[in-house]
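What follows is a short report on a single structure.
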Amino acid sequence: MSYLRLLIALAGATSAVAQTVPPATEIVQVVSLQDAARAGLVQLTAKGTGIQGDQVAVELTGARIEGAPIQITFHAEFYGHDSSGAPWPPAKAAEIAAAVKARLSGLKTPDGGKIDLVFDFRVRDGTTPDGGLPGYYQIDLVDAPAGFPQETSTTAPRGQWGANEPATYLAHEVLHMAGLRDQYSALSPKYVVNGKEYPLPAYPGDKKDAAAKAAWVKDVLFPAVDALEAQYGRGEIRPSIPPGYENDIMADYLNPNATVSAEDLQSLIDRAGVRMHAEPGDGIVNEKGNYQNYGVGYALDLFAPRGETVRVEGLWVFCIDHFANPPNEGQRFDVLGPLAALPYPQLPALVQLLQYLALQDSADSDALLYGQHAVWSLTDGDPPEPEAQAVLTAAGVEFDANFFAYTPHFEDPNAAGTRTAAVSETEVLPPIPTTTGPPPIPPGGLEQTPRLTAAVVAPAVVRARRPATLAVLVEEAGDQLTITLERRKGKRWLPVGDVLQQGAPIGLAVIALPTLVKKGVYRAHVSGLVDTLETRFKVKKGGRR
C-alpha cells in the first residue's frame, strides 16, 4: 500500500501538462484517439512502472486524414469604445460572431466534407493591442459609419475593423485570420462615386520597379483621378476585381453573394493540423503479454500542426489488470478504443466509473488511490475496501463479485508491431489513408505580407497654407501606416506636427497632410508592418486662402 501511495503522490506531482499557446486561428481535424492510431499519427509509450496517473507519453503528428471533417476556430478579442466612449459590451462580440457565422454557413471541402466554424470572440477593456490574451487576435473595433477601411494582418494577430460593416465585409476580414489572401489588384484601380465605377489607367510596367510605380501614380493615376473628380465629383480609388474572381469573397468583399473559392477552401484543408481527443473510458493495450493494460482516466486534447510532431507526458490512466506486471519504461501501447463499445456487459460500468474519476481532483492522491482500487473491483472482481466502495457508490456503480469476476482482459494483436496502431481484440484495424509532410505552399506563399511600393505627395507643387495629400500604394495585404513629417533646416530635419496613424487597405491610400505654413524642403516617412518609404517634396510660398 505504501508503494502505491508513493507512486500516486509522484504522479500527482508531475501531472501538469505543459501546453503551448494555440494559434489565434486553429484549423484542425478533430479525431478520436482510436482514429489517430488508425491514421498512424499517434505513438503511446509507458513512462515507467506506474500503475495509474500520468503514466503514458503521447506523440502526435499533424497530417491530412482522408475524409476527416475540418474545424476552424477563430480566437479574437475586441477592444476600444463605442461613439459614446463606453467600452464595447460582450453582446457586440456575439453580434459579430453570429453575423459572420450566418454569412459563411454551409462551407464544404471540395470533396463535399463538412467545415465547422467556431467563433471564440470576446471583448476586453483597453485602447491598444497590449494586454490581450495570448493566442487571440487583437482587433481594434472602431465605431465608424459603414465603409471604414478594414485591416487584418495575416502575419501578426491584430487588426482594425469598423463596428458597423455588413456581414460580407466582416466575413472577408475573418477569413484573413485564417490566412486567406486578398485577390483584388491594386495596380488596376477604379474610381467609385456614389456606387458607380469609372475605369482608371492600369499600371503597364514592371511590377518589381517601385520607382516606375511611383511615377505612374504621380504622372498618370493622379491626373486621371483629378479629371474624373472634376467631372463626376469626389469619390474613392479602389482596387479592381480580376476576371474570374467576381464571386470570390476575397476579391469582392461588398458582394453579398460572394463565397470562398474552391482554391482557398483547398488551402485551408491542406493546412489543417490534427486535434486528437482521448476520452475517459478509452482502452489501450500493452504490447507485452502479462503486462498491465490501461483505461484512460482523464480526457486529453492534443493539437499538432500539419507536418509537425508534438509530445506531452500527460495521458492519465488507470490500470485494468490488477495481477499483471506494471509496464516498463518505453513499452508501446496500442489503442483498443472505447471500452463501452465492446460486447461485454461488465464494461459499461467500468466506463461509468472512469468517467466519474475524470471529474475528480488529480492532485488528491487518496481519491485516486481509492479510485484505482475501485477500478480493480470491476476488472478483477476484488471485493472493495470501504474507501473504494465509497467511490463506487458515488459513481453510481453497484459491485457484484460474481459478475465482475468475468470482466475480460485483453491481449495485443499488434504485439509484433513497431508503432502504435488501432486494434480490436483479435486484429489490427485497417489504416486510414493520410497525407503526411508539411502542407503544400499555395500560389503566392503561405502568408500575405503587406508591401508599400510607392509614396507620392500631391499636388506637384505644394503651396503653403494649402491642402496637400500623401498617396501610398499598398499591395498584397492591408497595412497599418505610421507617418511622420519633417522639414529640413540646414543639415538637420525638424519634426512637423503630430505622428499620423492610419489603417490602409490594398490600393492607393490617400492621406490628408496637415496644413504646412513654412516654405522649404520636407520629407514624409511612411512605415508599415514591413516596409518603410520616404518621399521628399517642396513647399513654396502661397497666399492665404
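Ligands are numbered from 1 in the order shown, residues from 1 within each chain, and chains are lettered A, B, ... in the order they appear in the C-alpha cells.
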
Distance table requested - region 427-537 of chain A against region 299-311 of chain A, cut-off 9 Å, only C-alpha atoms: one row per qualifying residue with the closest atom pair and its distance in Å to one decimal, ordered by chain and rising residue number, as JSON lines.
{"residue": "A:Thr436", "atom": "CA", "partner": "A:Gly307", "partner_atom": "CA", "distance": 6.5}
{"residue": "A:Gly437", "atom": "CA", "partner": "A:Gly307", "partner_atom": "CA", "distance": 4.6}
{"residue": "A:Pro438", "atom": "CA", "partner": "A:Gly307", "partner_atom": "CA", "distance": 4.1}
{"residue": "A:Pro439", "atom": "CA", "partner": "A:Arg306", "partner_atom": "CA", "distance": 6.5}

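Residues within 10 Å of Thr535 (chain A), counting only C-alpha atoms and excluding same-chain residues fewer than 6 positions away, are Ala214, Ala454, Ala455, Val456, Val457, Leu470, Leu485, Tyr522, Arg523, Ala524, His525 and Val526 of chain A.
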
| Non-local contacts of region 323-334 of chain A (7 Å; only C-alpha atoms; under 2 positions in same chain excluded) as a list of chain:residue names | A:Leu44, A:Thr45, A:Ala46, A:Lys47, A:Gly48, A:Thr49, A:Gly50, A:Ile51, A:Ile284, A:Val285, A:Asn286, A:Glu287, A:Asn290, A:Tyr291, A:Gln292, A:Asp321, A:Leu336, A:Thr420, A:Ala421, A:Ala422, A:Val423

| task | List the neighbours of Gln389 (chain A) out to 12 Å using only C-alpha atoms; skip same-chain residues closer than 2 positions along the sequence, and give me the result as an MDAnalysis selection string. | result | chainID A and resid 353 367 370:378 382:387 391:400

| field | Which of region 13-84 of chain A DSSP labels helix (DSSP H, G or I), written as a list in words | value |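 Written out, the helix (DSSP H, G or I) residues of region 13-84 of chain A are Ala13, Leu33, Gln34, Asp35, Ala36, Ala37 and Arg38 of chain A.
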
| request: Compile the contact shell of Glu475 (chain A) as an MDAnalysis selection string: residues with an atom at most 7 Å away, counting only C-alpha atoms, same-chain residues fewer than 4 positions apart removed. | output: chainID A and resid 186 450:452 506:507

Take the residues that were just selected and, keeping N, CA and C atoms, output them as a PDB file, in the first residue's frame.
ATOM      1  N   ALA A 186      -4.315  46.060 -56.913  1.00  0.00           N
ATOM      2  CA  ALA A 186      -4.077  47.473 -56.618  1.00  0.00           C
ATOM      3  C   ALA A 186      -3.544  48.220 -57.832  1.00  0.00           C
ATOM      4  N   PRO A 450       2.012  42.642 -46.273  1.00  0.00           N
ATOM      5  CA  PRO A 450       1.747  43.954 -46.876  1.00  0.00           C
ATOM      6  C   PRO A 450       3.028  44.563 -47.442  1.00  0.00           C
ATOM      7  N   ARG A 451       2.891  45.205 -48.598  1.00  0.00           N
ATOM      8  CA  ARG A 451       4.029  45.845 -49.235  1.00  0.00           C
ATOM      9  C   ARG A 451       3.682  47.308 -49.535  1.00  0.00           C
ATOM     10  N   LEU A 452       4.576  48.189 -49.146  1.00  0.00           N
ATOM     11  CA  LEU A 452       4.465  49.600 -49.505  1.00  0.00           C
ATOM     12  C   LEU A 452       5.414  49.832 -50.671  1.00  0.00           C
ATOM     13  N   ILE A 506      -5.592  47.410 -49.259  1.00  0.00           N
ATOM     14  CA  ILE A 506      -4.898  47.308 -50.535  1.00  0.00           C
ATOM     15  C   ILE A 506      -5.397  48.394 -51.470  1.00  0.00           C
ATOM     16  N   GLY A 507      -4.459  48.983 -52.209  1.00  0.00           N
ATOM     17  CA  GLY A 507      -4.825  50.019 -53.153  1.00  0.00           C
ATOM     18  C   GLY A 507      -4.044  51.283 -52.875  1.00  0.00           C
TER      19      GLY A 507
END

| request: May I ask for the distance between CA of Pro134 (chain A) and CA of Arg158 (chain A), given in Å to one decimal place? | output: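 Separation between CA of Pro134 (chain A) and CA of Arg158 (chain A): 11.6 Å.
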
Just the residues within 8 Å of Ala262 (chain A), please, counting only C-alpha atoms, with nothing from its chain fewer than 4 positions along; format it as a compact mmCIF listing (two decimals) with N, CA and C atoms, in the first residue's frame.
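Just written: result-v8.txt:
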# COMPACT_ATOMS: atom_id res chain seq x y z
N THR A 109 -15.74 21.24 -47.98
CA THR A 109 -14.50 20.98 -48.69
C THR A 109 -14.83 20.66 -50.14
N PRO A 110 -13.86 20.80 -51.06
CA PRO A 110 -14.15 20.49 -52.46
C PRO A 110 -14.67 19.08 -52.70
N GLN A 266 -9.43 24.59 -50.49
CA GLN A 266 -8.41 23.54 -50.51
C GLN A 266 -7.18 23.94 -49.70

| field | Residues of region 76-314 of chain A in strand (DSSP E), written as a ChimeraX atom specification | value | /A:76-79,115-123,137-142,151-152,158-162,185-193,196-199,236-240,273-278,282-286,294-296,300-304,309-314

For those residues, write C-alpha atoms to a file as an mmCIF file, in the first residue's frame.
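Written out: out14.cif:
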data_model
loop_
_atom_site.group_PDB
_atom_site.id
_atom_site.type_symbol
_atom_site.label_atom_id
_atom_site.label_comp_id
_atom_site.auth_asym_id
_atom_site.auth_seq_id
_atom_site.Cartn_x
_atom_site.Cartn_y
_atom_site.Cartn_z
ATOM 1 C CA ALA A 76 -10.371 37.179 -31.225
ATOM 2 C CA GLU A 77 -10.627 39.919 -28.619
ATOM 3 C CA PHE A 78 -12.200 43.264 -29.474
ATOM 4 C CA TYR A 79 -11.110 46.398 -27.666
ATOM 5 C CA ILE A 115 -16.315 22.559 -42.445
ATOM 6 C CA ASP A 116 -17.349 23.560 -38.932
ATOM 7 C CA LEU A 117 -16.683 27.166 -37.894
ATOM 8 C CA VAL A 118 -16.238 28.066 -34.211
ATOM 9 C CA PHE A 119 -16.059 31.720 -33.134
ATOM 10 C CA ASP A 120 -14.345 32.380 -29.817
ATOM 11 C CA PHE A 121 -14.986 36.135 -29.858
ATOM 12 C CA ARG A 122 -14.919 38.292 -26.743
ATOM 13 C CA VAL A 123 -14.417 41.914 -25.710
ATOM 14 C CA TYR A 137 -6.296 38.231 -32.469
ATOM 15 C CA GLN A 138 -6.434 41.751 -31.040
ATOM 16 C CA ILE A 139 -8.991 43.747 -33.029
ATOM 17 C CA ASP A 140 -9.408 47.500 -32.562
ATOM 18 C CA LEU A 141 -13.148 47.931 -33.109
ATOM 19 C CA VAL A 142 -13.951 51.457 -34.315
ATOM 20 C CA GLU A 151 -7.248 45.898 -41.816
ATOM 21 C CA THR A 152 -6.419 42.389 -40.622
ATOM 22 C CA ARG A 158 -4.023 42.115 -34.870
ATOM 23 C CA GLY A 159 -6.325 44.298 -36.925
ATOM 24 C CA GLN A 160 -8.693 47.245 -37.050
ATOM 25 C CA TRP A 161 -12.345 46.813 -38.035
ATOM 26 C CA GLY A 162 -15.337 49.046 -38.362
ATOM 27 C CA SER A 185 -5.496 44.188 -57.887
ATOM 28 C CA ALA A 186 -4.077 47.473 -56.618
ATOM 29 C CA LEU A 187 -2.414 48.143 -59.985
ATOM 30 C CA SER A 188 -5.703 48.128 -61.905
ATOM 31 C CA PRO A 189 -7.703 50.670 -59.895
ATOM 32 C CA LYS A 190 -11.168 52.069 -60.425
ATOM 33 C CA TYR A 191 -12.805 55.321 -59.370
ATOM 34 C CA VAL A 192 -16.061 54.975 -57.452
ATOM 35 C CA VAL A 193 -18.564 57.810 -56.972
ATOM 36 C CA LYS A 196 -20.828 53.934 -59.717
ATOM 37 C CA GLU A 197 -17.483 52.775 -61.090
ATOM 38 C CA TYR A 198 -15.279 54.548 -63.622
ATOM 39 C CA PRO A 199 -12.114 52.958 -65.059
ATOM 40 C CA GLU A 236 -12.750 56.730 -53.900
ATOM 41 C CA ILE A 237 -9.889 54.914 -55.586
ATOM 42 C CA ARG A 238 -10.425 51.179 -55.191
ATOM 43 C CA PRO A 239 -8.581 48.122 -56.490
ATOM 44 C CA SER A 240 -10.292 46.170 -59.234
ATOM 45 C CA GLY A 273 -3.488 20.074 -38.275
ATOM 46 C CA VAL A 274 -4.823 17.305 -36.035
ATOM 47 C CA ARG A 275 -6.605 17.702 -32.713
ATOM 48 C CA MET A 276 -6.765 14.322 -31.037
ATOM 49 C CA HIS A 277 -9.271 13.639 -28.266
ATOM 50 C CA ALA A 278 -8.723 10.819 -25.776
ATOM 51 C CA ASP A 282 -10.854 4.534 -23.971
ATOM 52 C CA GLY A 283 -8.789 1.371 -23.615
ATOM 53 C CA ILE A 284 -5.112 0.949 -24.516
ATOM 54 C CA VAL A 285 -3.314 -2.420 -24.503
ATOM 55 C CA ASN A 286 0.321 -3.197 -23.752
ATOM 56 C CA TYR A 294 -4.856 0.862 -19.100
ATOM 57 C CA GLY A 295 -8.184 2.646 -19.265
ATOM 58 C CA VAL A 296 -7.962 6.377 -19.979
ATOM 59 C CA LEU A 300 -6.757 14.694 -23.278
ATOM 60 C CA ASP A 301 -6.973 17.111 -26.202
ATOM 61 C CA LEU A 302 -3.722 17.489 -28.094
ATOM 62 C CA PHE A 303 -3.067 19.631 -31.183
ATOM 63 C CA ALA A 304 -0.336 19.005 -33.752
ATOM 64 C CA THR A 309 5.089 16.380 -34.127
ATOM 65 C CA VAL A 310 4.274 17.354 -30.544
ATOM 66 C CA ARG A 311 4.869 15.359 -27.364
ATOM 67 C CA VAL A 312 3.255 15.565 -23.948
ATOM 68 C CA GLU A 313 3.826 13.454 -20.871
ATOM 69 C CA GLY A 314 0.251 13.638 -19.771
#

| Nearby residues (only C-alpha atoms) at most 12 Å from Leu342 (chain A), same-chain spacing under 2 positions excluded, as a list in words | Gly281, Asp282, Gly283, Leu336, Gly337, Pro338, Leu339, Ala340, Tyr344, Pro345, Gln346, Leu347, Pro348, Leu350, Val351, Thr407, Pro408, His409, Phe410, Val423, Ser424 and Glu425 of chain A

| task | Could you jot down the CA of Asn402 (chain A) to CA of Thr379 (chain A) separation for me, Å, one decimal place? | result |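 Computed distance, CA of Asn402 (chain A) to CA of Thr379 (chain A), equals 11.5 Å.
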
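As for CA of Phe318 (chain A) and CA of Gly297 (chain A), they are spaced 6.0 Å apart.
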